[in-house]
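Engineer: So here's query_37.tsv, just TSV, C-alpha atoms:
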```
chain	number	residue	atom	x	y	z
A	1	MET	CA	-28.37	14.91	83.20
A	2	SER	CA	-29.31	11.97	81.00
A	3	PRO	CA	-26.55	9.44	80.37
A	4	THR	CA	-24.91	9.25	76.97
A	5	ALA	CA	-25.83	5.61	76.53
A	6	THR	CA	-27.85	2.79	77.98
A	7	VAL	CA	-26.21	-0.63	77.75
A	8	ALA	CA	-29.14	-3.04	77.51
A	9	ILE	CA	-28.45	-6.71	78.25
A	10	LEU	CA	-31.12	-9.30	77.54
A	11	THR	CA	-30.80	-12.28	79.86
A	12	PHE	CA	-32.31	-15.73	80.25
A	13	ASN	CA	-30.33	-18.24	82.30
A	14	GLY	CA	-27.16	-16.34	81.49
A	15	GLU	CA	-25.11	-17.16	84.57
A	16	ARG	CA	-22.08	-18.47	82.67
A	17	TYR	CA	-20.81	-15.15	81.30
A	18	LEU	CA	-22.93	-12.46	82.94
A	19	ARG	CA	-20.55	-11.65	85.80
A	20	ASP	CA	-17.67	-11.21	83.33
A	21	ILE	CA	-19.83	-8.89	81.22
A	22	LEU	CA	-20.82	-6.69	84.16
A	23	LEU	CA	-17.23	-6.53	85.41
A	24	ALA	CA	-16.08	-5.51	81.92
A	25	LEU	CA	-18.69	-2.74	81.88
A	26	ARG	CA	-17.32	-1.34	85.14
A	27	THR	CA	-13.95	-0.67	83.50
A	28	GLN	CA	-15.20	1.04	80.34
A	29	ARG	CA	-13.44	4.33	79.54
A	30	LEU	CA	-16.06	6.70	78.18
A	31	ASP	CA	-16.09	10.49	78.14
A	32	GLY	CA	-19.58	10.61	79.59
A	33	GLU	CA	-21.96	8.64	81.74
A	34	PHE	CA	-23.77	5.44	80.86
A	35	GLU	CA	-26.25	3.18	82.60
A	36	VAL	CA	-26.66	-0.59	82.53
A	37	LEU	CA	-30.14	-2.02	82.05
A	38	VAL	CA	-30.82	-5.76	82.27
A	39	ILE	CA	-34.09	-7.20	81.03
A	40	ASP	CA	-34.50	-10.72	82.31
A	41	SER	CA	-37.14	-13.04	80.91
A	42	GLY	CA	-37.66	-15.59	83.65
A	43	SER	CA	-34.21	-16.93	84.50
A	44	THR	CA	-34.19	-19.94	86.82
A	45	ASP	CA	-30.42	-20.19	87.35
A	46	SER	CA	-28.24	-17.75	89.34
A	47	THR	CA	-28.63	-14.88	86.84
A	48	LEU	CA	-30.64	-12.71	89.26
A	49	ASP	CA	-28.19	-13.38	92.11
A	50	ILE	CA	-25.32	-12.21	89.92
A	51	ILE	CA	-27.19	-9.05	88.98
A	52	ALA	CA	-27.74	-8.35	92.68
A	53	GLU	CA	-23.95	-8.18	93.12
A	54	PHE	CA	-23.91	-5.06	90.91
A	55	PRO	CA	-26.04	-2.32	92.54
A	56	GLU	CA	-25.45	0.02	89.60
A	57	VAL	CA	-27.45	-2.29	87.31
A	58	ARG	CA	-31.13	-1.49	86.70
A	59	LEU	CA	-33.15	-4.70	86.46
A	60	HIS	CA	-36.44	-5.09	84.65
A	61	GLN	CA	-38.15	-8.49	84.70
A	62	ILE	CA	-40.68	-9.89	82.25
A	63	PRO	CA	-42.32	-13.32	81.99
A	64	ASN	CA	-40.64	-15.66	79.55
A	65	SER	CA	-43.85	-15.78	77.53
A	66	GLU	CA	-43.52	-12.06	76.79
A	67	PHE	CA	-40.01	-12.28	75.35
A	68	GLY	CA	-39.46	-11.53	71.69
A	69	HIS	CA	-36.16	-10.73	69.99
A	70	GLY	CA	-37.49	-7.54	68.45
A	71	LYS	CA	-40.21	-6.79	70.98
A	72	THR	CA	-37.91	-6.96	74.01
A	73	ARG	CA	-35.30	-4.77	72.36
A	74	ASN	CA	-38.02	-2.21	71.71
A	75	LEU	CA	-38.91	-2.42	75.40
A	76	ALA	CA	-35.27	-1.75	76.27
A	77	ALA	CA	-35.32	1.37	74.10
A	78	GLN	CA	-38.48	2.59	75.84
A	79	LEU	CA	-36.95	2.03	79.29
A	80	ALA	CA	-33.56	3.49	78.37
A	81	ALA	CA	-32.47	6.92	79.55
A	82	GLY	CA	-29.46	7.27	77.26
A	83	GLU	CA	-29.29	9.00	73.90
A	84	PHE	CA	-28.01	5.73	72.44
A	85	VAL	CA	-29.07	2.16	73.21
A	86	VAL	CA	-26.23	-0.35	73.13
A	87	TYR	CA	-27.40	-3.95	72.94
A	88	LEU	CA	-25.59	-6.96	74.36
A	89	THR	CA	-26.68	-10.54	74.85
A	90	HIS	CA	-25.86	-12.41	78.04
A	91	ASP	CA	-22.98	-14.31	76.41
A	92	ALA	CA	-21.13	-11.41	74.72
A	93	ILE	CA	-18.23	-10.01	76.75
A	94	PRO	CA	-16.68	-6.63	75.81
A	95	ALA	CA	-13.18	-7.35	74.55
A	96	ASP	CA	-11.49	-4.32	76.14
A	97	ASP	CA	-12.02	-1.09	78.09
A	98	PHE	CA	-12.70	0.95	74.94
A	99	TRP	CA	-15.53	-1.23	73.62
A	100	LEU	CA	-18.31	1.24	74.44
A	101	GLU	CA	-16.39	4.29	73.26
A	102	SER	CA	-15.66	2.54	69.95
A	103	LEU	CA	-19.31	1.61	69.35
A	104	LEU	CA	-20.49	5.16	69.98
A	105	ALA	CA	-17.74	6.98	68.02
A	106	PRO	CA	-19.34	6.61	64.53
A	107	PHE	CA	-22.46	8.51	65.66
A	108	ALA	CA	-20.38	11.62	66.33
A	109	SER	CA	-18.30	11.32	63.17
A	110	PHE	CA	-21.17	10.53	60.78
A	111	PRO	CA	-24.51	12.21	61.67
A	112	GLY	CA	-26.44	9.97	59.27
A	113	VAL	CA	-25.50	6.78	61.14
A	114	VAL	CA	-28.54	5.03	62.62
A	115	GLY	CA	-26.99	1.76	63.73
A	116	VAL	CA	-23.50	0.52	64.58
A	117	VAL	CA	-22.42	-3.11	64.70
A	118	GLY	CA	-19.22	-4.26	66.37
A	119	ARG	CA	-17.00	-7.22	65.67
A	120	HIS	CA	-17.44	-10.66	67.25
A	121	ILE	CA	-14.32	-12.55	68.29
A	122	PRO	CA	-15.15	-16.26	68.61
A	123	ARG	CA	-14.07	-18.03	71.76
A	124	PRO	CA	-10.86	-20.06	71.33
A	125	ASP	CA	-12.60	-23.38	72.00
A	126	CYS	CA	-15.48	-22.69	69.61
A	127	PHE	CA	-16.07	-25.51	67.12
A	128	PRO	CA	-14.32	-24.81	63.80
A	129	LEU	CA	-17.31	-24.42	61.49
A	130	LEU	CA	-18.79	-21.65	63.64
A	131	LYS	CA	-15.44	-20.06	64.51
A	132	TYR	CA	-14.47	-19.61	60.87
A	133	GLU	CA	-17.98	-18.54	59.83
A	134	ILE	CA	-17.90	-15.76	62.42
A	135	ARG	CA	-14.51	-14.56	61.22
A	136	ARG	CA	-15.59	-14.56	57.56
A	137	ALA	CA	-18.86	-12.77	58.35
A	138	PHE	CA	-17.12	-9.87	60.03
A	139	ASP	CA	-14.19	-9.79	57.63
A	140	SER	CA	-16.77	-9.15	54.91
A	141	GLN	CA	-18.01	-6.06	56.76
A	142	GLY	CA	-14.80	-4.07	56.52
A	143	VAL	CA	-11.12	-3.84	57.30
A	144	ASP	CA	-9.55	-4.35	60.73
A	145	PHE	CA	-8.07	-0.86	60.98
A	146	ALA	CA	-10.94	1.51	60.16
A	147	THR	CA	-14.66	2.10	60.59
A	148	THR	CA	-16.71	1.14	57.53
A	149	ILE	CA	-19.83	3.08	56.54
A	150	SER	CA	-22.47	1.33	54.39
A	151	TYR	CA	-25.51	2.76	52.65
A	152	GLN	CA	-28.31	1.46	50.44
A	153	ASP	CA	-27.48	1.40	46.74
A	154	PRO	CA	-30.63	1.97	44.62
A	155	LYS	CA	-29.68	-0.84	42.23
A	156	TYR	CA	-30.48	-3.41	44.94
A	157	ASP	CA	-34.09	-4.19	45.70
A	158	ARG	CA	-35.34	-4.52	49.25
A	159	ASP	CA	-35.33	-8.33	49.53
A	160	LEU	CA	-33.33	-9.79	52.38
A	161	ARG	CA	-31.41	-12.52	50.60
A	162	TYR	CA	-28.05	-14.18	50.17
A	163	GLY	CA	-25.24	-12.51	48.26
A	164	SER	CA	-24.21	-8.86	48.27
A	165	PRO	CA	-27.47	-7.46	49.70
A	166	ALA	CA	-27.23	-9.87	52.64
A	167	ARG	CA	-23.74	-8.58	53.41
A	168	LEU	CA	-25.04	-5.03	53.09
A	169	TYR	CA	-27.85	-5.63	55.57
A	170	PHE	CA	-25.77	-7.81	57.86
A	171	TYR	CA	-26.37	-6.66	61.41
A	172	SER	CA	-26.07	-8.38	64.75
A	173	ASP	CA	-27.70	-7.00	67.86
A	174	VAL	CA	-25.61	-9.37	69.95
A	175	ASN	CA	-23.30	-6.32	69.89
A	176	SER	CA	-24.78	-3.16	68.41
A	177	ALA	CA	-25.83	0.40	69.10
A	178	ALA	CA	-28.64	2.59	67.77
A	179	ARG	CA	-30.11	6.02	68.35
A	180	ARG	CA	-32.82	5.67	71.01
A	181	ARG	CA	-35.06	8.34	69.47
A	182	TYR	CA	-34.96	6.53	66.14
A	183	LEU	CA	-36.05	3.28	67.80
A	184	THR	CA	-38.85	4.82	69.83
A	185	GLU	CA	-40.19	7.44	67.41
A	186	GLN	CA	-39.34	6.39	63.85
A	187	LEU	CA	-38.53	2.74	63.23
A	188	PRO	CA	-38.65	0.14	66.00
A	189	TYR	CA	-37.53	-3.45	65.61
A	190	GLN	CA	-39.99	-5.76	63.89
A	191	ASP	CA	-41.63	-8.34	66.16
A	192	VAL	CA	-40.40	-11.46	64.37
A	193	ALA	CA	-39.07	-14.83	65.53
A	194	TYR	CA	-35.57	-14.35	64.08
A	195	ALA	CA	-33.58	-11.96	61.87
A	196	GLU	CA	-35.01	-8.92	63.68
A	197	ASP	CA	-31.56	-7.31	63.57
A	198	GLN	CA	-31.00	-7.73	59.85
A	199	LEU	CA	-34.55	-6.60	59.09
A	200	PHE	CA	-33.91	-3.51	61.22
A	201	ALA	CA	-30.77	-2.72	59.20
A	202	GLU	CA	-32.61	-3.33	55.95
A	203	ASP	CA	-35.43	-1.03	57.04
A	204	PHE	CA	-33.31	1.93	58.12
A	205	MET	CA	-30.87	1.64	55.22
A	206	THR	CA	-33.74	1.55	52.73
A	207	LEU	CA	-34.93	4.83	54.26
A	208	GLY	CA	-31.51	6.39	53.76
A	209	GLY	CA	-29.85	5.69	57.10
A	210	LEU	CA	-26.20	4.70	57.34
A	211	LYS	CA	-24.80	1.58	58.97
A	212	ALA	CA	-21.38	1.65	60.61
A	213	TYR	CA	-19.13	-1.31	61.31
A	214	THR	CA	-16.33	-0.88	63.83
A	215	PRO	CA	-13.72	-3.61	64.37
A	216	TRP	CA	-12.67	-1.97	67.65
A	217	GLY	CA	-16.06	-2.26	69.38
A	218	ALA	CA	-15.54	-6.00	69.71
A	219	VAL	CA	-17.00	-8.64	71.98
A	220	ILE	CA	-15.92	-12.17	72.78
A	221	HIS	CA	-18.83	-14.19	71.54
A	222	SER	CA	-19.74	-17.49	69.98
A	223	ASN	CA	-22.66	-19.72	70.83
A	224	ASP	CA	-21.81	-22.64	73.13
A	225	LEU	CA	-23.80	-25.32	71.36
A	226	SER	CA	-23.67	-29.08	71.34
A	227	TYR	CA	-24.10	-30.97	68.09
A	228	SER	CA	-27.83	-31.54	68.69
A	229	GLU	CA	-28.37	-27.92	69.80
A	230	TYR	CA	-26.55	-26.63	66.73
A	231	LYS	CA	-28.92	-28.51	64.42
A	232	LYS	CA	-31.96	-27.05	66.14
A	233	ARG	CA	-30.47	-23.55	66.33
A	234	LEU	CA	-29.87	-23.53	62.58
A	235	PHE	CA	-33.39	-24.79	62.00
A	236	ASP	CA	-34.73	-21.89	64.08
A	237	GLU	CA	-32.64	-19.35	62.20
A	238	PHE	CA	-33.58	-20.50	58.73
A	239	VAL	CA	-37.27	-20.89	59.57
A	240	GLY	CA	-37.09	-17.37	61.01
A	241	LEU	CA	-35.59	-16.11	57.76
A	242	ARG	CA	-38.40	-17.74	55.80
A	243	LEU	CA	-41.02	-16.22	58.08
A	244	ALA	CA	-39.35	-12.84	57.62
A	245	GLY	CA	-39.64	-13.14	53.85
A	246	ALA	CA	-36.02	-13.90	53.12
A	247	VAL	CA	-34.90	-15.95	50.14
A	248	MET	CA	-33.27	-19.19	51.26
A	249	PRO	CA	-29.77	-20.04	50.02
A	250	PRO	CA	-29.59	-22.01	46.77
A	251	ALA	CA	-28.69	-25.69	46.70
A	252	SER	CA	-25.19	-24.77	45.53
A	253	HIS	CA	-24.45	-23.58	49.07
A	254	GLY	CA	-24.63	-27.20	50.19
A	255	PHE	CA	-21.89	-28.17	47.74
A	256	ARG	CA	-19.72	-25.25	48.84
A	257	ALA	CA	-20.14	-26.33	52.46
A	258	PHE	CA	-19.07	-29.86	51.49
A	259	VAL	CA	-15.91	-28.50	49.83
A	260	ARG	CA	-15.16	-26.40	52.88
A	261	ALA	CA	-15.71	-29.34	55.23
A	262	VAL	CA	-13.41	-31.63	53.23
A	263	ILE	CA	-10.68	-29.25	52.05
A	264	LEU	CA	-10.68	-25.75	53.52
A	265	ASP	CA	-11.64	-26.18	57.17
A	266	PRO	CA	-9.03	-28.93	57.75
A	267	ILE	CA	-6.31	-26.56	56.56
A	268	ASP	CA	-7.54	-23.88	58.99
A	269	ILE	CA	-7.80	-26.40	61.83
A	270	VAL	CA	-4.22	-27.60	61.37
A	271	GLN	CA	-2.99	-23.98	61.36
A	272	ASP	CA	-5.20	-22.86	64.27
A	273	ARG	CA	-2.94	-22.03	67.22
A	274	GLU	CA	-5.88	-21.86	69.63
A	275	TYR	CA	-6.39	-25.64	69.43
A	276	SER	CA	-4.09	-28.14	71.08
A	277	THR	CA	-2.78	-31.03	68.98
A	278	ALA	CA	-5.34	-33.40	70.52
A	279	ARG	CA	-8.12	-30.93	69.85
A	280	LYS	CA	-7.04	-30.50	66.25
A	281	LEU	CA	-7.23	-34.25	65.71
A	282	TYR	CA	-10.66	-34.30	67.35
A	283	TRP	CA	-12.03	-31.49	65.18
A	284	LEU	CA	-10.57	-32.95	61.99
A	285	LEU	CA	-12.81	-35.95	62.65
A	286	VAL	CA	-15.89	-34.21	64.08
A	287	ASN	CA	-16.13	-30.90	62.20
A	288	PRO	CA	-17.50	-32.50	58.97
A	289	PHE	CA	-20.48	-33.76	60.97
A	290	PHE	CA	-21.33	-30.18	61.93
A	291	HIS	CA	-21.27	-29.29	58.24
A	292	LEU	CA	-23.59	-32.20	57.55
A	293	ALA	CA	-25.91	-31.02	60.32
A	294	LYS	CA	-25.98	-27.55	58.79
A	295	PHE	CA	-26.85	-28.93	55.38
A	296	ARG	CA	-29.65	-31.11	56.73
A	297	SER	CA	-31.10	-28.39	58.96
A	298	THR	CA	-31.11	-25.88	56.12
A	299	ARG	CA	-32.79	-28.34	53.79
A	300	ARG	CA	-35.41	-29.21	56.41
A	301	ALA	CA	-36.10	-25.54	57.16
A	302	ARG	CA	-36.47	-24.85	53.44
A	303	ARG	CA	-39.03	-27.61	52.94
A	304	ILE	CA	-41.07	-27.63	56.15
A	305	ASP	CA	-44.67	-26.46	56.30
A	306	LEU	CA	-44.62	-23.16	58.18
A	307	SER	CA	-48.31	-23.45	59.01
A	308	ASN	CA	-47.75	-26.46	61.32
A	309	PRO	CA	-46.69	-25.00	64.72
A	310	LYS	CA	-46.44	-28.39	66.46
A	311	VAL	CA	-43.80	-29.64	64.03
A	312	LEU	CA	-41.93	-26.34	64.21
A	313	GLU	CA	-41.83	-26.45	68.01
A	314	LYS	CA	-40.64	-30.06	68.02
A	315	LEU	CA	-37.57	-29.15	65.95
A	316	SER	CA	-36.92	-25.79	67.62
A	317	LEU	CA	-34.11	-25.15	70.10
A	318	GLU	CA	-35.82	-22.01	71.39
A	319	ALA	CA	-39.03	-23.92	72.12
A	320	GLN	CA	-36.99	-26.62	73.86
A	321	ARG	CA	-35.29	-24.09	76.14
A	322	LYS	CA	-38.54	-22.34	76.99
A	323	SER	CA	-40.13	-25.60	78.05
A	324	ALA	CA	-37.12	-26.68	80.13
```
What is this structure when it is put down as C-alpha cells?
Structural biologist:
Amino acid sequence: MSPTATVAILTFNGERYLRDILLALRTQRLDGEFEVLVIDSGSTDSTLDIIAEFPEVRLHQIPNSEFGHGKTRNLAAQLAAGEFVVYLTHDAIPADDFWLESLLAPFASFPGVVGVVGRHIPRPDCFPLLKYEIRRAFDSQGVDFATTISYQDPKYDRDLRYGSPARLYFYSDVNSAARRRYLTEQLPYQDVAYAEDQLFAEDFMTLGGLKAYTPWGAVIHSNDLSYSEYKKRLFDEFVGLRLAGAVMPPASHGFRAFVRAVILDPIDIVQDREYSTARKLYWLLVNPFFHLAKFRSTRRARRIDLSNPKVLEKLSLEAQRKSA
C-alpha cells in the first residue's frame, strides 16, 4: 500500500540539524505509514554520511546546478509515493511527536484544503529582529489554539504585495504540506528564484483552493545568519520578490523599522527570558544594526537593475554559497 505521506527534505550542506530532524521523524505518531525522501543538491559536508545512518531514508541526488526552490520541490512531488507531500528544509526540526499528524489533519477535516503551513518557533539564540519577525508573521496567520482556514476574497486582486493580501498568501514551504496529485497534475510550483511558496499559495487560492494554518504542526526554525549573510539573504529575497512580480514595500516601512529598532525591540529584548543578561546587553547594542542592514538591503534590492546578472550575483548570498 502507498504511504499516507512523503516527508521531503531538501538538503545542501545541512549537517548541523539534519540528524536531529531524522531522529524526530522516527518518533512521529501517525495513524498510517509515511516515507522520508531526501533530495540533496551536491553537499560537501557530512550530510550524506548522516543520511547513511538512517536506512529508512530514500536519497535522491542532483547536481547543485539543477537546484531550484520551486523546481526541486516539484521533483520531490514526482518522486513521492505518498498521497501528501510534506516539505521540510534541512534546518527545520519537528517540535514534537505529533508534528506530522497535525500538518495532515486539515486535509481530512476540510476537503477543499490544498496546502497546509505549520508554525515556526525561532531558536532561543536567534537574533532579536528575526526572532520577533517570525513570531509576528505566524501570529498574523491565526490563533494558537485552533486551525485557521483562509480563502481568496474576490475583492482582492491577484497581486502579491504587502498588506492584507500578503498575509493571505503567506506560505512557507520550510514547513508545509500539499496534495501530491495537485502538485503533479494541476498546479506545480513556479520555477522562480524566491517566493515560490507564496506564489504557490496565491495560485491555488485564486483558483478556489483553501489554505490551512496549524499552530500545532510546528518546527524549530530560524536562519543561522551572520550580519553580512543577513544583508545578502534579504537582498536575495527582495530581488526574488521583484522578479516574481511583487510590489515592494513602501518607504514608510523603513520608518516603522526604525521605530521598532529604537523603541519596541528593546522592550522585547529586556523581557525575553531566552536571553541571558549579558546577551540582552549585547543585543540592545547590536540589534539596531540588523535593522539598518534590512533597510539598506531592501532599498538596494528595490533600485538595482535586474538585467545585470553579474551585479546580482555579487550581492547574493545564494550565489556565494554555490561558489563556495
Engineer: Within 6 Å of Thr148 in chain A, counting only C-alpha atoms, which residues qualify if same-chain residues fewer than 4 places away don't, as a ChimeraX atom specification?
Structural biologist: /A:142,212-213
Engineer: Write out as a list in words the residues lying within 10 Å of Asn64 in chain A, counting all atoms listed in the file and excluding same-chain residues fewer than 6 positions away.
Structural biologist: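 That gives Phe12, Asp40, Ser41, Gly42, Ser43 and Lys322 of chain A.
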Engineer: Would you mind reading off the distance between CA of Asp265 in chain A and CA of Ser297 in chain A, one decimal, in Å?
Structural biologist: 19.7 Å
Engineer: Residues at most 7 Å from Ile93 in chain A, counting all atoms listed in the file, excluding those fewer than 3 positions away in the same chain, as JSON, numbers by chain?
Structural biologist: {"A": [20, 21, 219, 220, 221]}
Engineer: Find the residue from A:Leu281, A:Leu129, A:His69, A:Lys211 that sits nearest to Pro188 in chain A; use all atoms listed in the file when measuring.
Structural biologist: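 The closest residue to Pro188 in chain A is A:His69.
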Engineer: I'd like the contact shell of range 82-85 of chain A - 8 Å cut-off, all atoms listed in the file, skipping same-chain residues fewer than 5 positions apart - returned as a ChimeraX atom specification.
Structural biologist: /A:2-8,34-35,76-77,104,177-181
Engineer: Could you write out that same residue set with C-alpha atoms as a CSV table (one decimal), in the coordinates of the input?
Structural biologist:
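This went into selection-v2.csv:
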```
chain,number,residue,atom,x,y,z
A,2,SER,CA,-29.3,12.0,81.0
A,3,PRO,CA,-26.6,9.4,80.4
A,4,THR,CA,-24.9,9.2,77.0
A,5,ALA,CA,-25.8,5.6,76.5
A,6,THR,CA,-27.8,2.8,78.0
A,7,VAL,CA,-26.2,-0.6,77.8
A,8,ALA,CA,-29.1,-3.0,77.5
A,34,PHE,CA,-23.8,5.4,80.9
A,35,GLU,CA,-26.2,3.2,82.6
A,76,ALA,CA,-35.3,-1.8,76.3
A,77,ALA,CA,-35.3,1.4,74.1
A,104,LEU,CA,-20.5,5.2,70.0
A,177,ALA,CA,-25.8,0.4,69.1
A,178,ALA,CA,-28.6,2.6,67.8
A,179,ARG,CA,-30.1,6.0,68.4
A,180,ARG,CA,-32.8,5.7,71.0
A,181,ARG,CA,-35.1,8.3,69.5
```
Engineer: In Å to one decimal, how far is CA of Thr11 in chain A from CA of Ile39 in chain A?
Structural biologist: 6.2 Å
Engineer: Within 6 Å of (-35.7, -23.1, 65.6), all atoms listed in the file: residues as a PyMOL selection string?
Structural biologist: chain A and resi 232-233+235-237+316-318
Engineer: Between CA of Ser276 in chain A and CA of His120 in chain A, what distance in Å does the model show, to one decimal?
Structural biologist: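 Answer for the CA of Ser276 in chain A to CA of His120 in chain A separation: 22.3 Å.
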Engineer: Considering all atoms listed in the file, can you say which of A:Ala218, A:Phe127, A:Asn308, A:Pro122 comes closest to Phe289 in chain A?
Structural biologist: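 Using all atoms listed in the file, the shortest distance to Phe289 in chain A belongs to A:Phe127.
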Engineer: Got a sec to check which residues sit within 9 Å of (-19.8, -27.6, 55.1), counting all atoms listed in the file, and write them as a count of residues only?
Structural biologist: 21
Engineer: Identify, on the basis of all atoms listed in the file, every residue whose closest approach to Glu101 in chain A does not exceed 10 Å; exclude the query and any residue fewer than 6 positions from it along the same chain; express the result as a list of chain:residue names.
Structural biologist: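 Returned residues: A:Gln28, A:Arg29, A:Leu30, A:Asp31, A:Gly32, A:Trp216, A:Gly217.
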Engineer: When you count only C-alpha atoms, which of these residues is closest to Arg299 in chain A: A:Val239, A:Thr147, A:Gln141, A:Pro63?
Structural biologist: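 The closest residue to Arg299 in chain A is A:Val239.
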Engineer: Could you check the closest approach to Ile263 in chain A for each of A:Leu284, A:Leu75, A:Leu207, A:Tyr227 and tell me which residue wins, using all atoms listed in the file?
Structural biologist: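 Ranking A:Leu284, A:Leu75, A:Leu207, A:Tyr227 by distance to Ile263 in chain A, first place goes to A:Leu284.
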